[in-house]
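Undergrad: Supplied structure: protein-v2.txt, compact mmCIF, C-alpha atoms.
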# COMPACT_ATOMS: atom_id res chain seq x y z
CA MET A 1 0.00 0.00 0.00
CA ASN A 2 1.50 3.34 -1.06
CA PHE A 3 1.26 6.49 1.00
CA ARG A 4 -1.55 7.98 -1.11
CA THR A 5 -3.76 4.92 -0.59
CA TYR A 6 -2.94 4.95 3.11
CA LEU A 7 -3.93 8.63 3.31
CA LEU A 8 -7.22 8.04 1.46
CA ARG A 9 -8.15 5.09 3.66
CA ARG A 10 -7.50 7.02 6.86
CA THR A 11 -9.49 10.00 5.60
CA LEU A 12 -12.52 7.87 4.72
CA HIS A 13 -12.57 6.47 8.26
CA ILE A 14 -13.67 9.90 9.53
CA ILE A 15 -17.01 9.88 7.66
CA PRO A 16 -18.77 7.03 9.56
CA VAL A 17 -17.39 8.34 12.86
CA LEU A 18 -18.91 11.79 12.40
CA PHE A 19 -22.13 10.35 10.98
CA GLY A 20 -22.58 8.05 13.97
CA LEU A 21 -21.69 10.83 16.40
CA SER A 22 -24.26 13.17 14.87
CA ILE A 23 -27.01 10.53 15.13
CA LEU A 24 -26.15 9.71 18.73
CA ILE A 25 -26.05 13.27 20.04
CA PHE A 26 -29.15 14.25 18.04
CA VAL A 27 -31.23 11.41 19.50
CA VAL A 28 -29.94 12.06 23.03
CA SER A 29 -30.76 15.77 22.76
CA ARG A 30 -34.32 14.95 21.80
CA VAL A 31 -35.07 12.37 24.51
CA ILE A 32 -33.69 14.18 27.57
CA PRO A 33 -36.36 15.89 29.72
CA GLY A 34 -37.17 19.55 29.23
CA ASP A 35 -38.78 21.77 26.63
CA PRO A 36 -36.26 24.16 25.03
CA VAL A 37 -39.03 26.15 23.36
CA ARG A 38 -40.84 26.81 26.64
CA LEU A 39 -37.53 27.69 28.31
CA ALA A 40 -36.65 30.12 25.53
CA LEU A 41 -40.02 31.88 25.50
CA GLY A 42 -40.52 31.93 29.25
CA LEU A 43 -43.37 30.80 31.45
CA GLU A 44 -45.61 33.66 30.37
CA ALA A 45 -45.69 32.58 26.72
CA THR A 46 -49.03 31.37 25.41
CA GLY A 47 -49.61 27.92 24.01
CA GLU A 48 -49.97 29.37 20.52
CA GLN A 49 -46.58 31.07 20.74
CA VAL A 50 -44.97 27.85 21.91
CA GLU A 51 -46.52 25.84 19.08
CA GLN A 52 -45.55 28.47 16.52
CA LEU A 53 -41.88 28.42 17.53
CA ARG A 54 -41.94 24.64 17.69
CA ARG A 55 -43.20 24.53 14.10
CA GLN A 56 -40.56 27.05 13.02
CA MET A 57 -37.85 24.85 14.51
CA GLY A 58 -39.35 21.70 13.01
CA LEU A 59 -39.85 20.07 16.41
CA ASP A 60 -43.38 18.99 15.48
CA ARG A 61 -42.03 16.66 12.78
CA PRO A 62 -41.03 12.98 13.24
CA LEU A 63 -37.58 12.39 14.73
CA VAL A 64 -36.15 10.92 11.50
CA ALA A 65 -37.37 13.91 9.49
CA GLN A 66 -35.87 16.28 12.07
CA TYR A 67 -32.49 14.56 11.83
CA LEU A 68 -32.44 14.50 8.02
CA ALA A 69 -33.26 18.21 7.92
CA TYR A 70 -30.58 18.97 10.50
CA PHE A 71 -27.99 16.81 8.72
CA ALA A 72 -28.70 18.48 5.37
CA GLY A 73 -28.21 21.88 6.97
CA ALA A 74 -25.06 20.84 8.85
CA VAL A 75 -23.44 19.66 5.62
CA ARG A 76 -23.94 23.19 4.28
CA GLY A 77 -22.58 24.71 7.49
CA ASP A 78 -26.01 25.64 8.85
CA PHE A 79 -26.40 24.34 12.41
CA GLY A 80 -29.66 26.12 13.06
CA TYR A 81 -30.68 28.97 15.34
CA SER A 82 -29.56 29.33 18.95
CA LEU A 83 -32.38 29.88 21.43
CA ARG A 84 -29.90 31.30 23.94
CA THR A 85 -27.81 33.76 21.91
CA HIS A 86 -30.53 34.40 19.30
CA ARG A 87 -27.97 34.05 16.54
CA ASN A 88 -27.02 31.46 13.96
CA VAL A 89 -25.11 28.68 15.71
CA ALA A 90 -22.47 28.66 12.96
CA GLN A 91 -21.63 32.29 13.80
CA ASP A 92 -21.36 31.37 17.49
CA LEU A 93 -18.93 28.59 16.60
CA LEU A 94 -16.77 30.98 14.59
CA ASP A 95 -16.65 33.35 17.56
CA PHE A 96 -15.96 30.82 20.32
CA PHE A 97 -13.89 28.08 18.67
CA PRO A 98 -10.66 30.11 18.16
CA ALA A 99 -10.38 30.67 21.92
CA THR A 100 -10.55 26.94 22.64
CA LEU A 101 -8.19 26.14 19.77
CA GLU A 102 -5.64 28.63 21.10
CA LEU A 103 -5.97 27.34 24.66
CA THR A 104 -5.57 23.66 23.76
CA SER A 105 -2.75 24.33 21.29
CA VAL A 106 -0.70 26.27 23.84
CA ALA A 107 -1.44 23.59 26.45
CA MET A 108 -0.16 20.92 24.07
CA LEU A 109 2.91 23.03 23.28
CA ILE A 110 3.67 23.31 27.00
CA SER A 111 3.25 19.55 27.41
CA VAL A 112 5.74 18.77 24.64
CA VAL A 113 8.29 21.51 25.31
CA VAL A 114 8.45 20.72 29.04
CA GLY A 115 7.59 17.01 29.03
CA VAL A 116 10.12 15.84 26.44
CA PRO A 117 13.26 17.29 28.13
CA LEU A 118 12.09 16.03 31.53
CA GLY A 119 11.47 12.58 30.06
CA ILE A 120 14.95 12.53 28.52
CA LEU A 121 16.52 13.62 31.82
CA ALA A 122 14.62 10.93 33.72
CA ALA A 123 15.75 8.25 31.26
CA VAL A 124 19.41 9.32 31.24
CA ARG A 125 19.42 9.49 35.07
CA LYS A 126 17.38 6.33 35.53
CA ASP A 127 16.84 5.35 39.19
CA GLN A 128 18.59 8.52 40.32
CA GLY A 129 17.26 11.73 41.83
CA PRO A 130 15.81 13.29 38.64
CA ASP A 131 14.05 10.03 37.79
CA HIS A 132 12.47 9.77 41.23
CA VAL A 133 11.33 13.39 41.05
CA SER A 134 9.84 12.81 37.60
CA ARG A 135 7.82 9.87 38.90
CA ILE A 136 6.37 11.98 41.69
CA VAL A 137 5.61 14.85 39.29
CA ALA A 138 3.97 12.46 36.81
CA LEU A 139 1.83 10.88 39.52
CA ILE A 140 0.68 14.27 40.78
CA GLY A 141 0.05 15.51 37.24
CA VAL A 142 -2.15 12.55 36.33
CA ALA A 143 -4.06 12.48 39.62
CA LEU A 144 -4.53 16.23 40.15
CA PRO A 145 -7.98 17.47 39.03
CA ARG A 146 -7.59 20.25 36.48
CA PHE A 147 -10.30 22.46 37.93
CA TRP A 148 -8.72 22.25 41.40
CA LEU A 149 -5.30 23.17 40.03
CA ALA A 150 -6.93 26.04 38.15
CA ILE A 151 -8.45 27.37 41.37
CA LEU A 152 -5.12 27.06 43.20
CA LEU A 153 -3.35 28.97 40.44
CA GLN A 154 -5.95 31.72 40.64
CA LEU A 155 -5.57 32.03 44.40
CA ALA A 156 -1.76 32.05 44.29
CA LEU A 157 -0.83 33.95 41.13
CA ALA A 158 -3.84 36.23 40.68
CA TYR A 159 -5.24 37.04 44.12
CA GLN A 160 -2.17 36.70 46.36
CA LEU A 161 0.82 37.63 44.18
CA ARG A 162 -1.16 39.60 41.58
CA LEU A 163 1.16 38.46 38.81
CA LEU A 164 -1.45 37.36 36.29
CA PRO A 165 -5.02 38.38 35.41
CA THR A 166 -7.79 36.33 36.99
CA ILE A 167 -10.38 35.57 34.34
CA GLY A 168 -11.21 36.18 30.72
CA ARG A 169 -9.18 36.35 27.56
CA GLY A 170 -8.13 39.97 27.67
CA PRO A 171 -8.61 42.75 25.12
CA ALA A 172 -8.77 41.71 21.48
CA PRO A 173 -5.79 42.57 19.24
CA PRO A 174 -6.19 45.56 16.91
CA VAL A 175 -6.32 43.24 13.87
CA HIS A 176 -8.73 40.30 13.60
CA VAL A 177 -7.38 37.69 11.19
CA THR A 178 -7.58 34.23 12.75
CA GLY A 179 -9.35 34.85 16.06
CA LEU A 180 -6.23 33.55 17.82
CA PHE A 181 -5.09 36.48 19.94
CA LEU A 182 -1.41 35.49 19.99
CA VAL A 183 -1.27 35.07 16.22
CA ASP A 184 -3.27 38.21 15.48
CA SER A 185 -1.02 40.24 17.80
CA LEU A 186 2.05 39.09 15.87
CA VAL A 187 0.34 39.80 12.55
CA ALA A 188 -0.33 43.35 13.76
CA LEU A 189 3.28 43.60 15.02
CA ARG A 190 1.99 44.50 18.46
CA LEU A 191 4.26 42.85 21.00
CA ASP A 192 2.44 44.60 23.84
CA ALA A 193 -0.84 42.97 22.78
CA PHE A 194 0.97 39.63 22.42
CA TRP A 195 2.36 39.90 25.95
CA THR A 196 -1.06 40.84 27.35
CA SER A 197 -2.75 37.89 25.63
CA LEU A 198 0.00 35.58 26.84
CA LYS A 199 -0.54 36.65 30.45
CA TYR A 200 -4.25 35.88 30.22
CA LEU A 201 -3.47 32.53 28.59
CA ALA A 202 -0.71 31.38 30.95
CA MET A 203 -2.74 30.02 33.87
CA PRO A 204 -5.53 28.23 31.97
CA ALA A 205 -3.07 26.70 29.49
CA PHE A 206 -0.80 25.42 32.26
CA ALA A 207 -3.72 24.03 34.26
CA LEU A 208 -4.98 22.21 31.18
CA SER A 209 -1.55 20.89 30.20
CA VAL A 210 -0.46 19.23 33.45
CA GLY A 211 -2.03 15.82 32.84
CA THR A 212 -0.76 15.60 29.26
CA LEU A 213 2.67 16.85 30.33
CA ALA A 214 2.93 13.99 32.81
CA GLN A 215 1.93 11.49 30.13
CA VAL A 216 4.46 12.81 27.63
CA MET A 217 7.22 12.78 30.23
CA ARG A 218 6.61 9.15 31.22
CA LEU A 219 6.23 7.96 27.62
CA ILE A 220 9.46 9.64 26.53
CA ARG A 221 11.23 8.17 29.54
CA ALA A 222 9.99 4.65 28.78
CA GLY A 223 10.78 5.00 25.07
CA MET A 224 14.27 6.33 25.71
CA ILE A 225 15.10 3.54 28.16
CA GLU A 226 13.91 0.95 25.65
CA GLU A 227 15.98 2.50 22.85
CA MET A 228 19.08 2.67 25.06
CA ARG A 229 19.01 -1.12 25.33
CA ARG A 230 18.96 -1.73 21.59
CA ASP A 231 22.01 -2.93 19.70
CA TYR A 232 22.48 0.23 17.63
CA ALA A 233 22.66 2.37 20.79
CA LEU A 234 25.22 0.03 22.36
CA ALA A 235 27.22 0.06 19.11
CA ALA A 236 27.15 3.87 18.96
CA ARG A 237 28.49 4.08 22.50
CA SER A 238 31.19 1.52 21.75
CA TYR A 239 32.33 3.63 18.79
CA GLY A 240 32.82 6.55 21.15
CA LEU A 241 30.11 8.83 19.76
CA PRO A 242 29.26 11.78 22.03
CA PRO A 243 26.37 10.97 24.40
CA ASN A 244 24.34 14.02 23.34
CA LEU A 245 24.64 13.00 19.68
CA ILE A 246 23.37 9.51 20.47
CA ILE A 247 20.51 10.82 22.57
CA TYR A 248 19.19 13.61 20.37
CA LYS A 249 19.97 12.29 16.88
CA TYR A 250 19.16 8.61 17.24
CA LEU A 251 17.40 7.66 20.47
CA LEU A 252 14.97 10.58 20.74
CA LYS A 253 13.69 10.21 17.18
CA ASN A 254 12.73 6.58 17.68
CA ALA A 255 11.36 7.18 21.17
CA PHE A 256 9.28 10.15 20.02
CA THR A 257 7.81 8.20 17.10
CA ALA A 258 6.06 5.87 19.51
CA THR A 259 4.67 8.89 21.38
CA LEU A 260 3.02 10.48 18.34
CA THR A 261 -0.19 8.45 18.60
CA ILE A 262 -0.61 9.35 22.26
CA LEU A 263 -0.08 13.03 21.45
CA GLY A 264 -2.93 12.91 18.95
CA LEU A 265 -5.24 11.28 21.47
CA SER A 266 -4.12 13.74 24.15
CA TYR A 267 -4.91 16.73 21.94
CA GLY A 268 -8.41 15.42 21.39
CA PHE A 269 -8.67 14.82 25.12
CA LEU A 270 -7.69 18.45 25.77
CA LEU A 271 -10.39 19.66 23.38
CA GLY A 272 -13.04 17.56 25.06
CA ASN A 273 -12.03 18.37 28.62
CA ALA A 274 -11.33 22.07 28.35
CA PHE A 275 -14.75 22.99 29.73
CA LEU A 276 -13.69 22.71 33.39
CA VAL A 277 -10.73 25.03 32.91
CA GLU A 278 -12.77 27.39 30.75
CA ALA A 279 -15.46 27.50 33.43
CA VAL A 280 -12.99 28.39 36.20
CA PHE A 281 -11.26 31.12 34.19
CA ALA A 282 -14.42 32.30 32.37
CA TRP A 283 -12.54 31.61 29.17
CA PRO A 284 -14.88 32.42 26.25
CA GLY A 285 -14.25 29.21 24.37
CA LEU A 286 -16.30 26.54 22.67
CA ALA A 287 -16.51 24.34 25.76
CA PHE A 288 -17.79 27.25 27.84
CA TYR A 289 -20.37 27.97 25.14
CA GLY A 290 -21.39 24.30 25.07
CA VAL A 291 -21.93 24.17 28.84
CA ASP A 292 -24.17 27.24 28.66
CA ALA A 293 -26.07 25.72 25.75
CA LEU A 294 -26.61 22.52 27.72
CA ARG A 295 -27.76 24.42 30.79
CA TYR A 296 -30.37 26.32 28.76
CA LYS A 297 -31.29 23.24 26.70
CA ASP A 298 -30.17 24.97 23.53
CA PHE A 299 -30.04 21.72 21.59
CA ASN A 300 -28.77 23.22 18.35
CA GLY A 301 -25.79 24.64 20.20
CA VAL A 302 -25.12 21.39 22.08
CA ILE A 303 -25.23 19.27 18.93
CA ALA A 304 -23.03 21.69 16.98
CA VAL A 305 -20.40 21.85 19.73
CA THR A 306 -20.30 18.06 20.00
CA ILE A 307 -19.93 17.63 16.24
CA VAL A 308 -17.20 20.27 16.00
CA ILE A 309 -15.20 18.78 18.88
CA GLY A 310 -15.68 15.30 17.41
CA ALA A 311 -14.55 16.52 13.98
CA ALA A 312 -11.52 18.25 15.49
CA TYR A 313 -10.67 15.09 17.43
CA ALA A 314 -10.96 12.99 14.26
CA LEU A 315 -8.86 15.43 12.20
CA VAL A 316 -6.12 15.56 14.82
CA ASN A 317 -5.96 11.78 14.91
CA LEU A 318 -5.94 11.71 11.11
CA ALA A 319 -2.98 14.10 11.08
CA THR A 320 -1.26 11.91 13.68
CA ASP A 321 -1.84 8.76 11.62
CA ILE A 322 -0.51 10.47 8.50
CA LEU A 323 2.57 11.75 10.29
CA TYR A 324 3.15 8.35 11.89
CA GLY A 325 2.80 6.63 8.52
CA TYR A 326 5.25 9.09 7.00
CA VAL A 327 7.82 8.68 9.77
CA ASP A 328 7.45 4.90 10.00
CA PRO A 329 6.68 3.42 6.52
CA ARG A 330 6.07 -0.01 8.06
CA VAL A 331 2.69 1.22 9.33
CA ARG A 332 1.37 1.67 5.78
CA TYR A 333 1.78 -2.01 4.98
CA GLU A 334 0.14 -3.43 8.09
Turn this file's structure into structure tokens for me.

TA:
Amino acid sequence: MNFRTYLLRRTLHIIPVLFGLSILIFVVSRVIPGDPVRLALGLEATGEQVEQLRRQMGLDRPLVAQYLAYFAGAVRGDFGYSLRTHRNVAQDLLDFFPATLELTSVAMLISVVVGVPLGILAAVRKDQGPDHVSRIVALIGVALPRFWLAILLQLALAYQLRLLPTIGRGPAPPVHVTGLFLVDSLVALRLDAFWTSLKYLAMPAFALSVGTLAQVMRLIRAGMIEEMRRDYALAARSYGLPPNLIIYKYLLKNAFTATLTILGLSYGFLLGNAFLVEAVFAWPGLAFYGVDALRYKDFNGVIAVTIVIGAAYALVNLATDILYGYVDPRVRYE
């Protein structure tokens, strides 16, 4: 199987996943208790007003007909009308998704930039002080609830030391290009706006990254230790190659290849679990929007958020599979 066929096969796998996800969340949204129309109009609305809005939303039609109409609209990018924001849901997604994308991307960057060097250090100093410390840090990172860490960071860095802002995303950059404040600040050549956005992003990104950082650190450690025992590593040492050359040119590449799949899954995990951190920091992201939509039984918003997060998760894993297949050609022929 060549790389093009491998790429096509992996891409086609996304279609049934998203189709099944859309059916599942649509059915669940329709069977849970509560009347979104009554909640949107208020208790003082008359029965005629309720029935009129229900007909406008198509809620008086059979469930299958409702789904087919919703699916046809979603394919065109029309996710319906939000009963909470009174706007098109697609516009809400465009406004809220960049904040979540920026938060999760920076959290993943922190996990890799910090986790990989710590994993290498733990492997090189196996069963020594740095390795023991890394085990404790990894255990705490995996076990520590993100929302609790977020609250602790707020208390320490925002309220006590007053080093970082407490909540929100900060003022928008002067130029709106991508919706990512850090990127837009650099596009506008405004380092002051970049620094301000970074300060608002620091605490929520770190709180979200801790669990993934611990995973990356332990996986790199395990991969490095395994590679150190292989014949090529022993041969390189016997030839007198510098230790840093062996570690960073040969061992790390092979150890990191095995970590790629976990990184893809972890990025999807960050997207799906950002709502706790966004809630603590009042971060105006997609997860925060989805929680509000669920609270107000805004089913169009809930379904759209679920589909977008599912699609992002699938695309990230597709990119991971493609990168893994490119780095390790043996995967394409399995």

Undergrad: If we count all atoms listed in the file and set the cut-off at 12 Å, which residues sit around region 57-63 of chain A, ignoring sequence neighbours fewer than 3 positions away in its own chain? Please answer as a list of chain:residue names.

TA: A:Ile23, A:Phe26, A:Val27, A:Val28, A:Ser29, A:Arg30, A:Val31, A:Asp35, A:Pro36, A:Val37, A:Val50, A:Glu51, A:Gln52, A:Leu53, A:Arg54, A:Gln66, A:Tyr67, A:Leu68, A:Ala69, A:Tyr70, A:Phe79, A:Gly80, A:Tyr81, A:Ser82, A:Leu83, A:Asp298, A:Phe299, A:Asn300

Undergrad: With all atoms listed in the file as the atoms that count, which of A:Ala158, A:Val302, A:Pro98, A:Asp192 lies nearest to Val177 (chain A)?

TA: A:Pro98

Undergrad: How many Å separate CA of Leu118 (chain A) from CA of Ala138 (chain A)?

TA: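 For CA of Leu118 (chain A) relative to CA of Ala138 (chain A), the distance reads 10.3 Å.
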
Undergrad: Report, in Å to a single decimal, how far apart CA of Ala222 (chain A) and CA of Lys249 (chain A) are.

TA: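 Result for CA of Lys249 (chain A) versus CA of Ala222 (chain A): 17.3 Å, one decimal.
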
Undergrad: Per residue of region 74-116 of chain A within 9 Å of region 194-215 of chain A, note the shortest atom pair and the distance in Å to one decimal, counting all atoms listed in the file, and order the rows by chain and increasing residue number, as CSV.

TA:
residue,atom,partner,partner_atom,distance
A:Glu102,CA,A:Leu201,CA,8.7
A:Leu103,CA,A:Ala205,CA,5.7
A:Thr104,CA,A:Ala205,CA,7.0
A:Ser105,CA,A:Ala205,CA,8.5
A:Val106,CA,A:Ala205,CA,6.1
A:Ala107,CA,A:Ser209,CA,4.6
A:Met108,CA,A:Ser209,CA,6.3
A:Leu109,CA,A:Ser209,CA,8.5
A:Ile110,CA,A:Ser209,CA,6.6
A:Ser111,CA,A:Leu213,CA,4.0
A:Val112,CA,A:Leu213,CA,6.7
A:Val113,CA,A:Leu213,CA,8.9
A:Val114,CA,A:Leu213,CA,7.1
A:Gly115,CA,A:Leu213,CA,5.1
A:Val116,CA,A:Leu213,CA,8.5

Undergrad: As an exercise, work out the distance from CA of Tyr6 (chain A) to CA of Thr257 (chain A) in Å and give it to one decimal place.

TA: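 Interatomic distance, CA of Tyr6 (chain A) to CA of Thr257 (chain A): 17.9 Å.
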
Undergrad: Find, counting only C-alpha atoms, the residue in A:Gly77, A:Leu189, A:Gly47, A:Val280 that gets nearest to Ile307 (chain A).

TA: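 For Ile307 (chain A), the nearest of the candidates is A:Gly77.
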
Undergrad: Residues at most 7 Å from region 161-167 of chain A, counting only C-alpha atoms, excluding those fewer than 2 positions away in the same chain, as a tab-separated table (two decimals) with C-alpha atoms, keeping the file's coordinate frame?

TA:
chain	number	residue	atom	x	y	z
A	154	GLN	CA	-5.95	31.72	40.64
A	156	ALA	CA	-1.76	32.05	44.29
A	157	LEU	CA	-0.83	33.95	41.13
A	158	ALA	CA	-3.84	36.23	40.68
A	159	TYR	CA	-5.24	37.04	44.12
A	169	ARG	CA	-9.18	36.35	27.56
A	199	LYS	CA	-0.54	36.65	30.45
A	200	TYR	CA	-4.25	35.88	30.22
A	281	PHE	CA	-11.26	31.12	34.19
A	282	ALA	CA	-14.42	32.30	32.37
A	283	TRP	CA	-12.54	31.61	29.17

Undergrad: With all atoms listed in the file as the basis for distance, which of A:Ile14, A:Phe269, A:Leu101, A:Leu263 is at the shortest distance from Val183 (chain A)?

TA: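 The closest residue to Val183 (chain A) is A:Leu101.
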
Undergrad: Out of A:Leu121, A:Ala150, A:Val291, A:Ala312, which residue has the shortest atom-to-atom distance to Val133 (chain A) when counting only C-alpha atoms?

TA: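 Comparing A:Leu121, A:Ala150, A:Val291, A:Ala312 against Val133 (chain A), the winner is A:Leu121.
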
Undergrad: Using only C-alpha atoms, which of A:Ala233, A:Ile262, A:Leu155, A:Leu21 sits nearest Thr306 (chain A)?

TA: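 The shortest atom-to-atom distance to Thr306 (chain A) comes from A:Leu21.
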
Undergrad: Considering only C-alpha atoms, state which residue in the set A:Ile136, A:Ile247, A:Leu271, A:Val305 is at the smallest distance from Arg218 (chain A).

TA: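 Counting only C-alpha atoms, the residue closest to Arg218 (chain A) is A:Ile136.
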
Undergrad: What's the 10 Å shell around Arg190 (chain A), counting only C-alpha atoms, without same-chain residues fewer than 4 positions away, as a ChimeraX atom specification?

TA: /A:173-175,182,184-186,194-195

Undergrad: Using only C-alpha atoms and a cutoff of 12 Å, can you tell me which residues are near (-23.6, 26.2, 22.4) in the file's coordinates, and write them out as a PyMOL selection string?

TA: chain A and resi 79-97+275+284-309

Undergrad: Go ahead and write the selection's residues with C-alpha atoms as a short mmCIF file (atom, residue, chain, number, x, y, z; two decimals), keeping the file's coordinate frame.

TA:
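Printed below is result.cif as written:
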data_model
loop_
_atom_site.label_atom_id
_atom_site.label_comp_id
_atom_site.auth_asym_id
_atom_site.auth_seq_id
_atom_site.Cartn_x
_atom_site.Cartn_y
_atom_site.Cartn_z
CA PHE A 79 -26.40 24.34 12.41
CA GLY A 80 -29.66 26.12 13.06
CA TYR A 81 -30.68 28.97 15.34
CA SER A 82 -29.56 29.33 18.95
CA LEU A 83 -32.38 29.88 21.43
CA ARG A 84 -29.90 31.30 23.94
CA THR A 85 -27.81 33.76 21.91
CA HIS A 86 -30.53 34.40 19.30
CA ARG A 87 -27.97 34.05 16.54
CA ASN A 88 -27.02 31.46 13.96
CA VAL A 89 -25.11 28.68 15.71
CA ALA A 90 -22.47 28.66 12.96
CA GLN A 91 -21.63 32.29 13.80
CA ASP A 92 -21.36 31.37 17.49
CA LEU A 93 -18.93 28.59 16.60
CA LEU A 94 -16.77 30.98 14.59
CA ASP A 95 -16.65 33.35 17.56
CA PHE A 96 -15.96 30.82 20.32
CA PHE A 97 -13.89 28.08 18.67
CA PHE A 275 -14.75 22.99 29.73
CA PRO A 284 -14.88 32.42 26.25
CA GLY A 285 -14.25 29.21 24.37
CA LEU A 286 -16.30 26.54 22.67
CA ALA A 287 -16.51 24.34 25.76
CA PHE A 288 -17.79 27.25 27.84
CA TYR A 289 -20.37 27.97 25.14
CA GLY A 290 -21.39 24.30 25.07
CA VAL A 291 -21.93 24.17 28.84
CA ASP A 292 -24.17 27.24 28.66
CA ALA A 293 -26.07 25.72 25.75
CA LEU A 294 -26.61 22.52 27.72
CA ARG A 295 -27.76 24.42 30.79
CA TYR A 296 -30.37 26.32 28.76
CA LYS A 297 -31.29 23.24 26.70
CA ASP A 298 -30.17 24.97 23.53
CA PHE A 299 -30.04 21.72 21.59
CA ASN A 300 -28.77 23.22 18.35
CA GLY A 301 -25.79 24.64 20.20
CA VAL A 302 -25.12 21.39 22.08
CA ILE A 303 -25.23 19.27 18.93
CA ALA A 304 -23.03 21.69 16.98
CA VAL A 305 -20.40 21.85 19.73
CA THR A 306 -20.30 18.06 20.00
CA ILE A 307 -19.93 17.63 16.24
CA VAL A 308 -17.20 20.27 16.00
CA ILE A 309 -15.20 18.78 18.88
#

Undergrad: Pick out the residues sitting within 12 Å of Lys253 (chain A), and hand them over as a VMD selection string; count all atoms listed in the file, and ignore anything fewer than 2 positions along from it in its own chain.

TA: chain A and resid 116 120 220 223 to 224 227 245 to 251 255 to 260 324 327 to 328

Undergrad: Save region 136-150 of chain A of the structure in the block above to a file, with N, CA and C atoms included, as a compact mmCIF listing (two decimals), in the first residue's frame.

TA:
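Just written: selection_25.txt:
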# COMPACT_ATOMS: atom_id res chain seq x y z
N ILE A 136 7.28 11.28 40.78
CA ILE A 136 6.37 11.98 41.69
C ILE A 136 5.57 13.04 40.93
N VAL A 137 6.28 13.80 40.07
CA VAL A 137 5.61 14.85 39.29
C VAL A 137 4.57 14.23 38.36
N ALA A 138 4.91 13.11 37.73
CA ALA A 138 3.97 12.46 36.81
C ALA A 138 2.75 11.95 37.56
N LEU A 139 2.96 11.38 38.73
CA LEU A 139 1.83 10.88 39.52
C LEU A 139 0.90 12.01 39.94
N ILE A 140 1.49 13.11 40.38
CA ILE A 140 0.68 14.27 40.78
C ILE A 140 -0.05 14.84 39.57
N GLY A 141 0.65 14.93 38.44
CA GLY A 141 0.05 15.51 37.24
C GLY A 141 -1.13 14.72 36.73
N VAL A 142 -1.05 13.39 36.80
CA VAL A 142 -2.15 12.55 36.33
C VAL A 142 -3.31 12.58 37.31
N ALA A 143 -3.01 12.59 38.61
CA ALA A 143 -4.06 12.48 39.62
C ALA A 143 -4.71 13.82 39.97
N LEU A 144 -4.03 14.92 39.71
CA LEU A 144 -4.53 16.23 40.15
C LEU A 144 -5.69 16.69 39.26
N PRO A 145 -6.85 16.96 39.84
CA PRO A 145 -7.98 17.47 39.03
C PRO A 145 -7.63 18.83 38.43
N ARG A 146 -7.95 19.01 37.17
CA ARG A 146 -7.59 20.25 36.48
C ARG A 146 -8.30 21.47 37.07
N PHE A 147 -9.57 21.30 37.42
CA PHE A 147 -10.30 22.46 37.93
C PHE A 147 -9.75 22.89 39.29
N TRP A 148 -9.28 21.91 40.10
CA TRP A 148 -8.72 22.25 41.40
C TRP A 148 -7.39 22.97 41.24
N LEU A 149 -6.56 22.48 40.32
CA LEU A 149 -5.30 23.17 40.03
C LEU A 149 -5.56 24.57 39.51
N ALA A 150 -6.59 24.72 38.68
CA ALA A 150 -6.93 26.04 38.15
C ALA A 150 -7.30 27.01 39.27
